[in-house]
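Participant: Supplied in structure tokens, the structure appears directly below.
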Amino acid sequence: MVRKGKGPWWFGSSMAGRFDLPAPHGTCYLASDPLAALLELLGADRARWIVSREFLQERRLRELPVPRELSIADLTARETSGFGITAEIGTLVPYALPQAWAARLHQVRFDGLYYWLRHDPSRAEGWAFFGPQGERKGYRRGRELPISDHLIDRLWRECRIAVARTPMSGELTILDDG
């Protein structure tokens with residue numbers, strides 16, 4: 001999920017993301033399906049099960065081809081429990097521990113990791129790819145898709161999250177507490 005007009009292969013190093021690597025490296029996040037990507041975008045910041053249509057109109061989905069063969073650490077595999085990794089790795093807040101694991105996996109030459117997404121309780125899959133910070137303009141940008149009415153219907157039907165137009169000020173009634 002990207003903002004309209006932005007490239008999809010952005011490797012962030014702000015340390016605001018779950019598996020972010022510090023500069024000069026970065027992490028690019030992808031989700032297994034459009035609804036999972038939307039839930040990750042909305043995250044914990046969504047207010048009372050409603051999101052504005054205008055917010056979604058500024059976002060685009062991307063169907064992306066993986067640019068090359070990658071060595072990915074599977075954090076959903078039982079064998080990772082022997083290293084102290086549990087399913088919490090995809091839900092822990094703050095992100096210090098997941099970021100430390102990402103840094104260690106990158107250090108031992110993994111190109112990324114596979115994990116369960118935090119904001120989709122159905123166990124949707126996510127990928128965090130490692131690379132130099134910034135945009136990879138040389139990677140194929142894939143197919144850009146607007147957020148469809150079908151996906152908005154699924155958001156309501158499967159997650160009970162509504163999409164509504166932001167009201168104009170003239171449509172609001174202001175109540176005086178006094």
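Ordered as shown in the structure tokens, chains take letters A, B, and onward, while each chain numbers its residues from 1 and ligands are numbered from 1 in the order shown.
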Quick one: residues within 8 Å of Glu63 (chain A), only C-alpha atoms counted, chain neighbours fewer than 6 positions away excluded, as a PyMOL selection string?

Facilitator: chain A and resi 142-145

Participant: Would you kindly return, as a PyMOL selection string, each protein, DNA or RNA residue with an atom no farther than 6 Å from any atom of region 10-13 of chain A, considering only C-alpha atoms and excluding same-chain residues fewer than 2 positions away?

Facilitator: chain A and resi 8+15+20-23+26-28+133-135

Participant: Within 10 Å of region 113-124 of chain A, counting only C-alpha atoms, which residues qualify if same-chain residues fewer than 5 places away don't, as a VMD selection string?

Facilitator: chain A and resid 18 to 19 29 to 33 35 to 44 70 to 77 87 to 92 101 to 102 105 to 106 129 to 130 159

Participant: I need the residues from that last selection saved to file as a compact mmCIF listing (two decimals), in the first residue's frame (with N, CA and C atoms), if you can.

Facilitator:
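File again.txt, as written:
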```txt
# COMPACT_ATOMS: atom_id res chain seq x y z
N ARG A 18 8.24 -1.92 12.63
CA ARG A 18 8.52 -3.09 13.47
C ARG A 18 9.89 -3.69 13.22
N PHE A 19 10.29 -3.87 11.98
CA PHE A 19 11.57 -4.51 11.68
C PHE A 19 12.54 -3.56 10.98
N TYR A 29 8.16 -3.19 3.61
CA TYR A 29 7.13 -4.08 4.13
C TYR A 29 6.08 -4.39 3.06
N LEU A 30 5.72 -5.68 2.97
CA LEU A 30 4.67 -6.12 2.05
C LEU A 30 3.72 -7.04 2.80
N ALA A 31 2.48 -7.09 2.32
CA ALA A 31 1.46 -7.95 2.93
C ALA A 31 0.98 -8.98 1.91
N SER A 32 0.40 -10.06 2.42
CA SER A 32 0.01 -11.19 1.59
C SER A 32 -1.24 -10.95 0.75
N ASP A 33 -2.10 -10.06 1.17
CA ASP A 33 -3.31 -9.80 0.40
C ASP A 33 -3.77 -8.37 0.63
N LEU A 35 -6.57 -6.93 1.72
CA LEU A 35 -7.23 -6.58 2.98
C LEU A 35 -6.22 -6.53 4.12
N ALA A 36 -5.28 -7.46 4.15
CA ALA A 36 -4.24 -7.43 5.18
C ALA A 36 -3.41 -6.16 5.06
N ALA A 37 -3.07 -5.75 3.83
CA ALA A 37 -2.31 -4.52 3.63
C ALA A 37 -3.09 -3.32 4.15
N LEU A 38 -4.39 -3.31 3.89
CA LEU A 38 -5.23 -2.21 4.36
C LEU A 38 -5.31 -2.17 5.88
N LEU A 39 -5.45 -3.32 6.50
CA LEU A 39 -5.49 -3.37 7.96
C LEU A 39 -4.17 -2.89 8.57
N GLU A 40 -3.05 -3.25 7.95
CA GLU A 40 -1.76 -2.77 8.44
C GLU A 40 -1.64 -1.26 8.28
N LEU A 41 -2.15 -0.72 7.17
CA LEU A 41 -2.12 0.72 6.96
C LEU A 41 -2.94 1.43 8.04
N LEU A 42 -4.12 0.92 8.30
CA LEU A 42 -4.99 1.55 9.29
C LEU A 42 -4.45 1.36 10.70
N GLY A 43 -3.90 0.18 10.98
CA GLY A 43 -3.24 -0.08 12.26
C GLY A 43 -4.09 0.25 13.46
N ALA A 44 -3.41 0.55 14.53
CA ALA A 44 -4.08 0.86 15.79
C ALA A 44 -4.61 2.29 15.82
N LEU A 70 15.51 -14.42 -2.90
CA LEU A 70 15.91 -13.87 -1.60
C LEU A 70 16.02 -14.97 -0.56
N SER A 71 16.90 -14.76 0.39
CA SER A 71 17.02 -15.64 1.55
C SER A 71 16.20 -15.02 2.68
N ILE A 72 15.09 -15.66 3.01
CA ILE A 72 14.13 -15.10 3.96
C ILE A 72 14.06 -15.95 5.22
N ALA A 73 14.14 -15.33 6.39
CA ALA A 73 13.97 -16.02 7.67
C ALA A 73 12.47 -16.16 7.95
N ASP A 74 12.00 -17.37 8.17
CA ASP A 74 10.59 -17.64 8.42
C ASP A 74 10.33 -17.60 9.93
N LEU A 75 9.81 -16.47 10.39
CA LEU A 75 9.54 -16.32 11.83
C LEU A 75 8.22 -16.96 12.25
N THR A 76 7.54 -17.61 11.31
CA THR A 76 6.31 -18.34 11.65
C THR A 76 6.59 -19.83 11.88
N ALA A 77 7.81 -20.27 11.60
CA ALA A 77 8.16 -21.69 11.73
C ALA A 77 8.41 -22.05 13.19
N ALA A 87 5.40 -16.05 18.54
CA ALA A 87 4.46 -15.31 17.70
C ALA A 87 4.35 -13.85 18.11
N GLU A 88 4.80 -13.52 19.32
CA GLU A 88 4.77 -12.13 19.78
C GLU A 88 5.63 -11.21 18.93
N ILE A 89 6.59 -11.76 18.19
CA ILE A 89 7.50 -10.94 17.40
C ILE A 89 6.73 -10.01 16.46
N GLY A 90 5.55 -10.44 16.01
CA GLY A 90 4.74 -9.62 15.11
C GLY A 90 3.78 -8.69 15.82
N THR A 91 3.76 -8.72 17.17
CA THR A 91 2.80 -7.89 17.91
C THR A 91 3.46 -7.00 18.97
N LEU A 92 4.71 -7.28 19.30
CA LEU A 92 5.38 -6.53 20.38
C LEU A 92 5.42 -5.03 20.11
N TRP A 101 16.09 -8.25 16.37
CA TRP A 101 16.09 -9.49 15.60
C TRP A 101 16.33 -9.20 14.12
N ALA A 102 15.69 -8.17 13.59
CA ALA A 102 15.90 -7.81 12.18
C ALA A 102 17.37 -7.48 11.93
N LEU A 105 19.36 -10.75 11.97
CA LEU A 105 19.12 -11.54 10.77
C LEU A 105 19.79 -10.91 9.55
N HIS A 106 19.76 -9.62 9.47
CA HIS A 106 20.44 -8.91 8.37
C HIS A 106 21.96 -9.12 8.48
N PHE A 129 11.54 -6.90 3.78
CA PHE A 129 12.75 -7.08 2.99
C PHE A 129 13.79 -6.05 3.40
N PHE A 130 15.05 -6.46 3.44
CA PHE A 130 16.14 -5.57 3.84
C PHE A 130 16.88 -5.08 2.60
N CYS A 159 -14.39 -7.16 8.71
CA CYS A 159 -13.71 -6.51 9.84
C CYS A 159 -14.58 -5.52 10.59
```

Participant: I need the residue nearest Glu69 (chain A) from this list: A:Gly82, A:Gly17, A:Gly112, A:Pro94. Use only C-alpha atoms for the distance.

Facilitator: A:Gly112

Participant: Taking the backbone alone, and naming residues the way the document does, which bits of region 2-177 of chain A are alpha helix (DSSP H) by DSSP, as a VMD selection string?

Facilitator: chain A and resid 34 to 42 53 to 57 96 to 107 149 to 159

Participant: Would you mind exporting the chosen residues as a PDB file, in the first residue's frame, restricted to C-alpha atoms?

Facilitator:
```pdb
ATOM      1  CA  PRO A  34      -5.049  -6.452  -0.147  1.00  0.00           C
ATOM      2  CA  LEU A  35      -7.235  -6.584   2.978  1.00  0.00           C
ATOM      3  CA  ALA A  36      -4.238  -7.429   5.175  1.00  0.00           C
ATOM      4  CA  ALA A  37      -2.312  -4.520   3.626  1.00  0.00           C
ATOM      5  CA  LEU A  38      -5.234  -2.207   4.355  1.00  0.00           C
ATOM      6  CA  LEU A  39      -5.494  -3.369   7.964  1.00  0.00           C
ATOM      7  CA  GLU A  40      -1.757  -2.773   8.445  1.00  0.00           C
ATOM      8  CA  LEU A  41      -2.121   0.721   6.959  1.00  0.00           C
ATOM      9  CA  LEU A  42      -4.993   1.546   9.293  1.00  0.00           C
ATOM     10  CA  ARG A  53     -13.000   7.726   2.085  1.00  0.00           C
ATOM     11  CA  GLU A  54     -10.637  10.617   1.291  1.00  0.00           C
ATOM     12  CA  PHE A  55      -7.815   8.901   3.192  1.00  0.00           C
ATOM     13  CA  LEU A  56      -8.257   5.751   1.096  1.00  0.00           C
ATOM     14  CA  GLN A  57      -8.542   7.685  -2.182  1.00  0.00           C
ATOM     15  CA  ALA A  96      13.082  -2.615  20.137  1.00  0.00           C
ATOM     16  CA  LEU A  97      13.132  -6.432  20.238  1.00  0.00           C
ATOM     17  CA  PRO A  98      11.774  -7.023  16.701  1.00  0.00           C
ATOM     18  CA  GLN A  99      14.248  -4.421  15.401  1.00  0.00           C
ATOM     19  CA  ALA A 100      17.100  -6.180  17.213  1.00  0.00           C
ATOM     20  CA  TRP A 101      16.090  -9.490  15.603  1.00  0.00           C
ATOM     21  CA  ALA A 102      15.900  -7.814  12.182  1.00  0.00           C
ATOM     22  CA  ALA A 103      19.378  -6.347  12.662  1.00  0.00           C
ATOM     23  CA  ARG A 104      20.779  -9.734  13.680  1.00  0.00           C
ATOM     24  CA  LEU A 105      19.118 -11.538  10.772  1.00  0.00           C
ATOM     25  CA  HIS A 106      20.441  -8.912   8.372  1.00  0.00           C
ATOM     26  CA  GLN A 107      23.908  -9.238   9.928  1.00  0.00           C
ATOM     27  CA  ASP A 149     -15.397  -0.768  -3.708  1.00  0.00           C
ATOM     28  CA  HIS A 150     -15.067  -4.561  -3.420  1.00  0.00           C
ATOM     29  CA  LEU A 151     -12.179  -4.156  -0.940  1.00  0.00           C
ATOM     30  CA  ILE A 152     -14.126  -1.498   0.982  1.00  0.00           C
ATOM     31  CA  ASP A 153     -17.087  -3.936   1.126  1.00  0.00           C
ATOM     32  CA  ARG A 154     -14.738  -6.657   2.451  1.00  0.00           C
ATOM     33  CA  LEU A 155     -13.396  -4.215   5.054  1.00  0.00           C
ATOM     34  CA  TRP A 156     -16.948  -3.812   6.387  1.00  0.00           C
ATOM     35  CA  ARG A 157     -18.111  -7.421   5.935  1.00  0.00           C
ATOM     36  CA  GLU A 158     -15.017  -9.115   7.387  1.00  0.00           C
ATOM     37  CA  CYS A 159     -13.707  -6.512   9.836  1.00  0.00           C
TER      38      CYS A 159
END
```

Participant: Find the distance between CA of Gly126 (chain A) and CA of Ser52 (chain A) and write it in Å to one decimal.

Facilitator: 24.7 Å

Participant: What does the distance from CA of Glu171 (chain A) to CA of Glu58 (chain A) come to in Å, to one decimal?

Facilitator: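 Those two atoms sit 23.1 Å apart.
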
Participant: Figure out the distance between CA of Asp111 (chain A) and CA of Gly7 (chain A), please, to one decimal in Å.

Facilitator: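 Separating CA of Gly7 (chain A) from CA of Asp111 (chain A) is a distance of 20.0 Å.
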
Participant: Among region 79-158 of chain A, which residues does DSSP mark as strand (DSSP E) when it is run on the backbone? Keep the chain and numbering as in the structure and answer as a ChimeraX atom specification.

Facilitator: /A:112-116,125-132,134-135,143-146

Participant: For the selection you just gave me, I'd like the residues written to a file as a CSV table (one decimal), in the first residue's frame, keeping C-alpha atoms.

Facilitator:
```
chain,number,residue,atom,x,y,z
A,112,GLY,CA,14.4,-10.3,4.9
A,113,LEU,CA,11.9,-12.1,7.0
A,114,TYR,CA,8.4,-13.6,6.9
A,115,TYR,CA,6.0,-13.1,9.9
A,116,TRP,CA,2.4,-12.8,10.9
A,125,GLU,CA,1.4,-13.1,6.2
A,126,GLY,CA,3.8,-10.2,5.9
A,127,TRP,CA,7.3,-9.8,4.5
A,128,ALA,CA,10.0,-7.4,5.6
A,129,PHE,CA,12.8,-7.1,3.0
A,130,PHE,CA,16.1,-5.6,3.8
A,131,GLY,CA,18.2,-3.3,1.6
A,132,PRO,CA,19.9,0.1,1.4
A,134,GLY,CA,15.6,4.8,0.2
A,135,GLU,CA,13.6,3.9,-2.9
A,143,ARG,CA,0.6,-3.0,-11.1
A,144,GLU,CA,-1.0,-0.1,-9.3
A,145,LEU,CA,-4.6,-0.5,-8.2
A,146,PRO,CA,-7.0,1.9,-6.5
```
